[in-house]
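S.K.: Right, I'll just put the structure down here and ask away after.
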Amino acid sequence: MESTRQQRIARLIQKEIADIFLRESRQLFGHSMITVTKTYVTRDLAIARVYLSIYGNQDPSAIIAMVRNHTREIRTLLANRVRLQIRVIPALEFYQDDSLDYIENIERLLKE
């Protein structure tokens, strides 16, 4: 169960990383649209797990690999935005959120 502080910091990180991807994704990741779907922060606020949905690309795992390669730059951009609100910027871990694919598969199976 997440504490109120964890939830507040997770929402802040999710909002700021989404804005970073909105503004910087074209330069870093081409024409893929990246959406931040969920963010979880560990109890000690040291690690933020960020789940991404990727649209407009045939190989989302390649985009996730590119995002992981740019983790340092993304964390620096995040730190510049939230440095007055969070004392220590958590390490970022990026994962692919495949819940939308799962939902589409269930709907397809129900239609058949």
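So you can find residues: chains in the structure tokens are A, B, ... in the order shown, residues in each start at 1, and ligands are numbered from 1 in order.
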Would you pick out the contacts of A:Val82 at 9 Å or less, using only C-alpha atoms, so that residues sharing its chain but fewer than 5 positions from it are not included, and give the list as a ChimeraX atom specification?

M.R.: /A:12-13,16,77,87,89

S.K.: Can you spit out the residues from that selection as a compact mmCIF listing (two decimals), in the first residue's frame, using N, CA and C atoms?

M.R.:
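Written out: again_10.txt:
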# COMPACT_ATOMS: atom_id res chain seq x y z
N LEU A 12 3.49 13.72 -9.34
CA LEU A 12 4.34 14.81 -9.79
C LEU A 12 5.33 14.33 -10.85
N ILE A 13 5.98 13.21 -10.58
CA ILE A 13 6.94 12.66 -11.54
C ILE A 13 6.25 12.27 -12.84
N GLU A 16 5.46 15.47 -14.86
CA GLU A 16 6.64 16.13 -15.42
C GLU A 16 7.30 15.29 -16.50
N LEU A 77 16.58 16.47 -16.85
CA LEU A 77 15.47 17.37 -17.18
C LEU A 77 14.42 17.37 -16.07
N ARG A 87 13.57 16.70 -2.58
CA ARG A 87 14.96 16.85 -2.14
C ARG A 87 15.91 15.99 -2.97
N ILE A 89 16.14 13.37 -6.27
CA ILE A 89 15.44 12.89 -7.46
C ILE A 89 15.63 11.38 -7.54

S.K.: Would you list, as a VMD selection string, the residues of chain A that end up in helix (DSSP H, G or I) under DSSP run on this structure's backbone?

M.R.: chain A and resid 4 to 29 60 to 69 71 to 82 99 to 111

S.K.: Excluding A:Pro60 and its own-chain neighbours fewer than 3 positions away, which residues fall within 12 Å of it when counting only C-alpha atoms? Please give them as a PDB file with N, CA and C atoms, in the first residue's frame.

M.R.:
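Okay, part-v6.pdb is ready:
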ATOM      1  N   PHE A  29      13.422  10.466 -29.823  1.00  0.00           N
ATOM      2  CA  PHE A  29      12.863   9.166 -30.181  1.00  0.00           C
ATOM      3  C   PHE A  29      12.126   9.133 -31.506  1.00  0.00           C
ATOM      4  N   SER A  32       7.564   8.656 -32.679  1.00  0.00           N
ATOM      5  CA  SER A  32       6.729   7.835 -31.801  1.00  0.00           C
ATOM      6  C   SER A  32       6.070   8.706 -30.746  1.00  0.00           C
ATOM      7  N   MET A  33       4.815   8.401 -30.461  1.00  0.00           N
ATOM      8  CA  MET A  33       4.116   9.098 -29.400  1.00  0.00           C
ATOM      9  C   MET A  33       4.238   8.251 -28.132  1.00  0.00           C
ATOM     10  N   ILE A  34       4.790   8.851 -27.087  1.00  0.00           N
ATOM     11  CA  ILE A  34       5.031   8.134 -25.837  1.00  0.00           C
ATOM     12  C   ILE A  34       4.128   8.734 -24.771  1.00  0.00           C
ATOM     13  N   THR A  35       3.374   7.866 -24.100  1.00  0.00           N
ATOM     14  CA  THR A  35       2.462   8.286 -23.051  1.00  0.00           C
ATOM     15  C   THR A  35       2.870   7.624 -21.740  1.00  0.00           C
ATOM     16  N   LEU A  52       5.256   3.102 -19.708  1.00  0.00           N
ATOM     17  CA  LEU A  52       5.037   3.882 -20.920  1.00  0.00           C
ATOM     18  C   LEU A  52       4.217   3.098 -21.934  1.00  0.00           C
ATOM     19  N   SER A  53       3.307   3.782 -22.607  1.00  0.00           N
ATOM     20  CA  SER A  53       2.618   3.243 -23.776  1.00  0.00           C
ATOM     21  C   SER A  53       3.190   3.949 -24.994  1.00  0.00           C
ATOM     22  N   ILE A  54       3.455   3.178 -26.039  1.00  0.00           N
ATOM     23  CA  ILE A  54       4.106   3.725 -27.225  1.00  0.00           C
ATOM     24  C   ILE A  54       3.209   3.491 -28.432  1.00  0.00           C
ATOM     25  N   TYR A  55       2.952   4.575 -29.161  1.00  0.00           N
ATOM     26  CA  TYR A  55       2.106   4.525 -30.349  1.00  0.00           C
ATOM     27  C   TYR A  55       2.905   5.025 -31.548  1.00  0.00           C
ATOM     28  N   GLY A  56       2.509   4.556 -32.727  1.00  0.00           N
ATOM     29  CA  GLY A  56       3.115   5.054 -33.947  1.00  0.00           C
ATOM     30  C   GLY A  56       4.441   4.404 -34.289  1.00  0.00           C
ATOM     31  N   ASN A  57       4.695   3.250 -33.728  1.00  0.00           N
ATOM     32  CA  ASN A  57       5.934   2.549 -34.032  1.00  0.00           C
ATOM     33  C   ASN A  57       5.641   1.055 -34.052  1.00  0.00           C
ATOM     34  N   ILE A  63      11.905   1.310 -28.836  1.00  0.00           N
ATOM     35  CA  ILE A  63      11.728   2.644 -28.263  1.00  0.00           C
ATOM     36  C   ILE A  63      12.002   2.619 -26.767  1.00  0.00           C
ATOM     37  N   ILE A  64      11.552   1.572 -26.078  1.00  0.00           N
ATOM     38  CA  ILE A  64      11.834   1.445 -24.640  1.00  0.00           C
ATOM     39  C   ILE A  64      13.341   1.367 -24.412  1.00  0.00           C
ATOM     40  N   ALA A  65      14.048   0.635 -25.263  1.00  0.00           N
ATOM     41  CA  ALA A  65      15.510   0.556 -25.153  1.00  0.00           C
ATOM     42  C   ALA A  65      16.143   1.934 -25.362  1.00  0.00           C
ATOM     43  N   MET A  66      15.623   2.711 -26.307  1.00  0.00           N
ATOM     44  CA  MET A  66      16.147   4.063 -26.529  1.00  0.00           C
ATOM     45  C   MET A  66      15.863   4.961 -25.331  1.00  0.00           C
ATOM     46  N   VAL A  67      14.672   4.824 -24.746  1.00  0.00           N
ATOM     47  CA  VAL A  67      14.332   5.615 -23.560  1.00  0.00           C
ATOM     48  C   VAL A  67      15.279   5.258 -22.424  1.00  0.00           C
ATOM     49  N   TYR A  95       9.429   0.941 -18.076  1.00  0.00           N
ATOM     50  CA  TYR A  95       8.844  -0.327 -18.479  1.00  0.00           C
ATOM     51  C   TYR A  95       7.763  -0.053 -19.512  1.00  0.00           C
ATOM     52  N   GLN A  96       7.520  -1.068 -20.350  1.00  0.00           N
ATOM     53  CA  GLN A  96       6.460  -0.951 -21.341  1.00  0.00           C
ATOM     54  C   GLN A  96       5.139  -1.364 -20.708  1.00  0.00           C
ATOM     55  N   ASP A  97       4.128  -0.522 -20.859  1.00  0.00           N
ATOM     56  CA  ASP A  97       2.796  -0.829 -20.351  1.00  0.00           C
ATOM     57  C   ASP A  97       2.009  -1.473 -21.478  1.00  0.00           C
ATOM     58  N   ASP A  98       1.725  -2.739 -21.338  1.00  0.00           N
ATOM     59  CA  ASP A  98       1.001  -3.458 -22.382  1.00  0.00           C
ATOM     60  C   ASP A  98      -0.452  -3.725 -22.003  1.00  0.00           C
ATOM     61  N   ASP A 101      -2.862  -3.359 -25.004  1.00  0.00           N
ATOM     62  CA  ASP A 101      -2.823  -4.515 -25.901  1.00  0.00           C
ATOM     63  C   ASP A 101      -3.610  -5.675 -25.316  1.00  0.00           C
TER      64      ASP A 101
END

S.K.: Write out as a tab-separated table (two decimals) with N, CA and C atoms, in the first residue's frame the residues lying within 6 Å of stretch 46-51 of chain A, counting only C-alpha atoms and excluding same-chain residues fewer than 5 positions away.

M.R.:
chain	number	residue	atom	x	y	z
A	36	VAL	N	2.91	8.41	-20.67
A	36	VAL	CA	3.21	7.86	-19.34
A	36	VAL	C	1.88	7.43	-18.74
A	37	THR	N	1.71	6.12	-18.54
A	37	THR	CA	0.44	5.61	-18.05
A	37	THR	C	0.40	5.48	-16.54
A	38	LYS	N	1.48	5.00	-15.94
A	38	LYS	CA	1.52	4.81	-14.49
A	38	LYS	C	2.91	5.12	-13.98
A	39	THR	N	2.99	5.54	-12.73
A	39	THR	CA	4.27	5.75	-12.07
A	39	THR	C	4.14	5.28	-10.63
A	40	TYR	N	5.09	4.48	-10.21
A	40	TYR	CA	5.14	4.01	-8.83
A	40	TYR	C	6.47	4.41	-8.23
A	41	VAL	N	6.46	4.82	-6.96
A	41	VAL	CA	7.67	5.22	-6.26
A	41	VAL	C	7.85	4.26	-5.08
A	90	PRO	N	14.55	10.62	-7.63
A	90	PRO	CA	14.68	9.16	-7.66
A	90	PRO	C	15.28	8.68	-8.98
A	91	ALA	N	15.90	7.50	-8.90
A	91	ALA	CA	16.39	6.83	-10.11
A	91	ALA	C	15.18	6.39	-10.92
A	92	LEU	N	15.28	6.48	-12.23
A	92	LEU	CA	14.14	6.17	-13.08
A	92	LEU	C	14.32	4.80	-13.72
A	93	GLU	N	13.26	4.00	-13.68
A	93	GLU	CA	13.22	2.72	-14.38
A	93	GLU	C	12.02	2.76	-15.31
A	94	PHE	N	12.24	2.46	-16.59
A	94	PHE	CA	11.18	2.53	-17.58
A	94	PHE	C	10.75	1.14	-18.00
A	95	TYR	N	9.43	0.94	-18.08
A	95	TYR	CA	8.84	-0.33	-18.48
A	95	TYR	C	7.76	-0.05	-19.51
A	96	GLN	N	7.52	-1.07	-20.35
A	96	GLN	CA	6.46	-0.95	-21.34
A	96	GLN	C	5.14	-1.36	-20.71
A	97	ASP	N	4.13	-0.52	-20.86
A	97	ASP	CA	2.80	-0.83	-20.35
A	97	ASP	C	2.01	-1.47	-21.48

S.K.: Please, what distance in Å, to one decimal, runs between atom CA of A:His70 and atom CA of A:Arg5?

M.R.: 27.1 Å

S.K.: Identify which of the residues A:Ile74, A:Leu84, A:Leu100, A:Met1 lies closest to A:Ala18, counting only C-alpha atoms when measuring atom-to-atom distances.

M.R.: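 Closest candidate: A:Ile74.
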
S.K.: Go through A:Leu28, A:Leu45, A:Leu78, A:Ala62 one by one, measure the shortest atom-to-atom distance of each to A:Lys15 using only C-alpha atoms, and give the residue with the smallest value.

M.R.: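 Closest candidate: A:Leu78.
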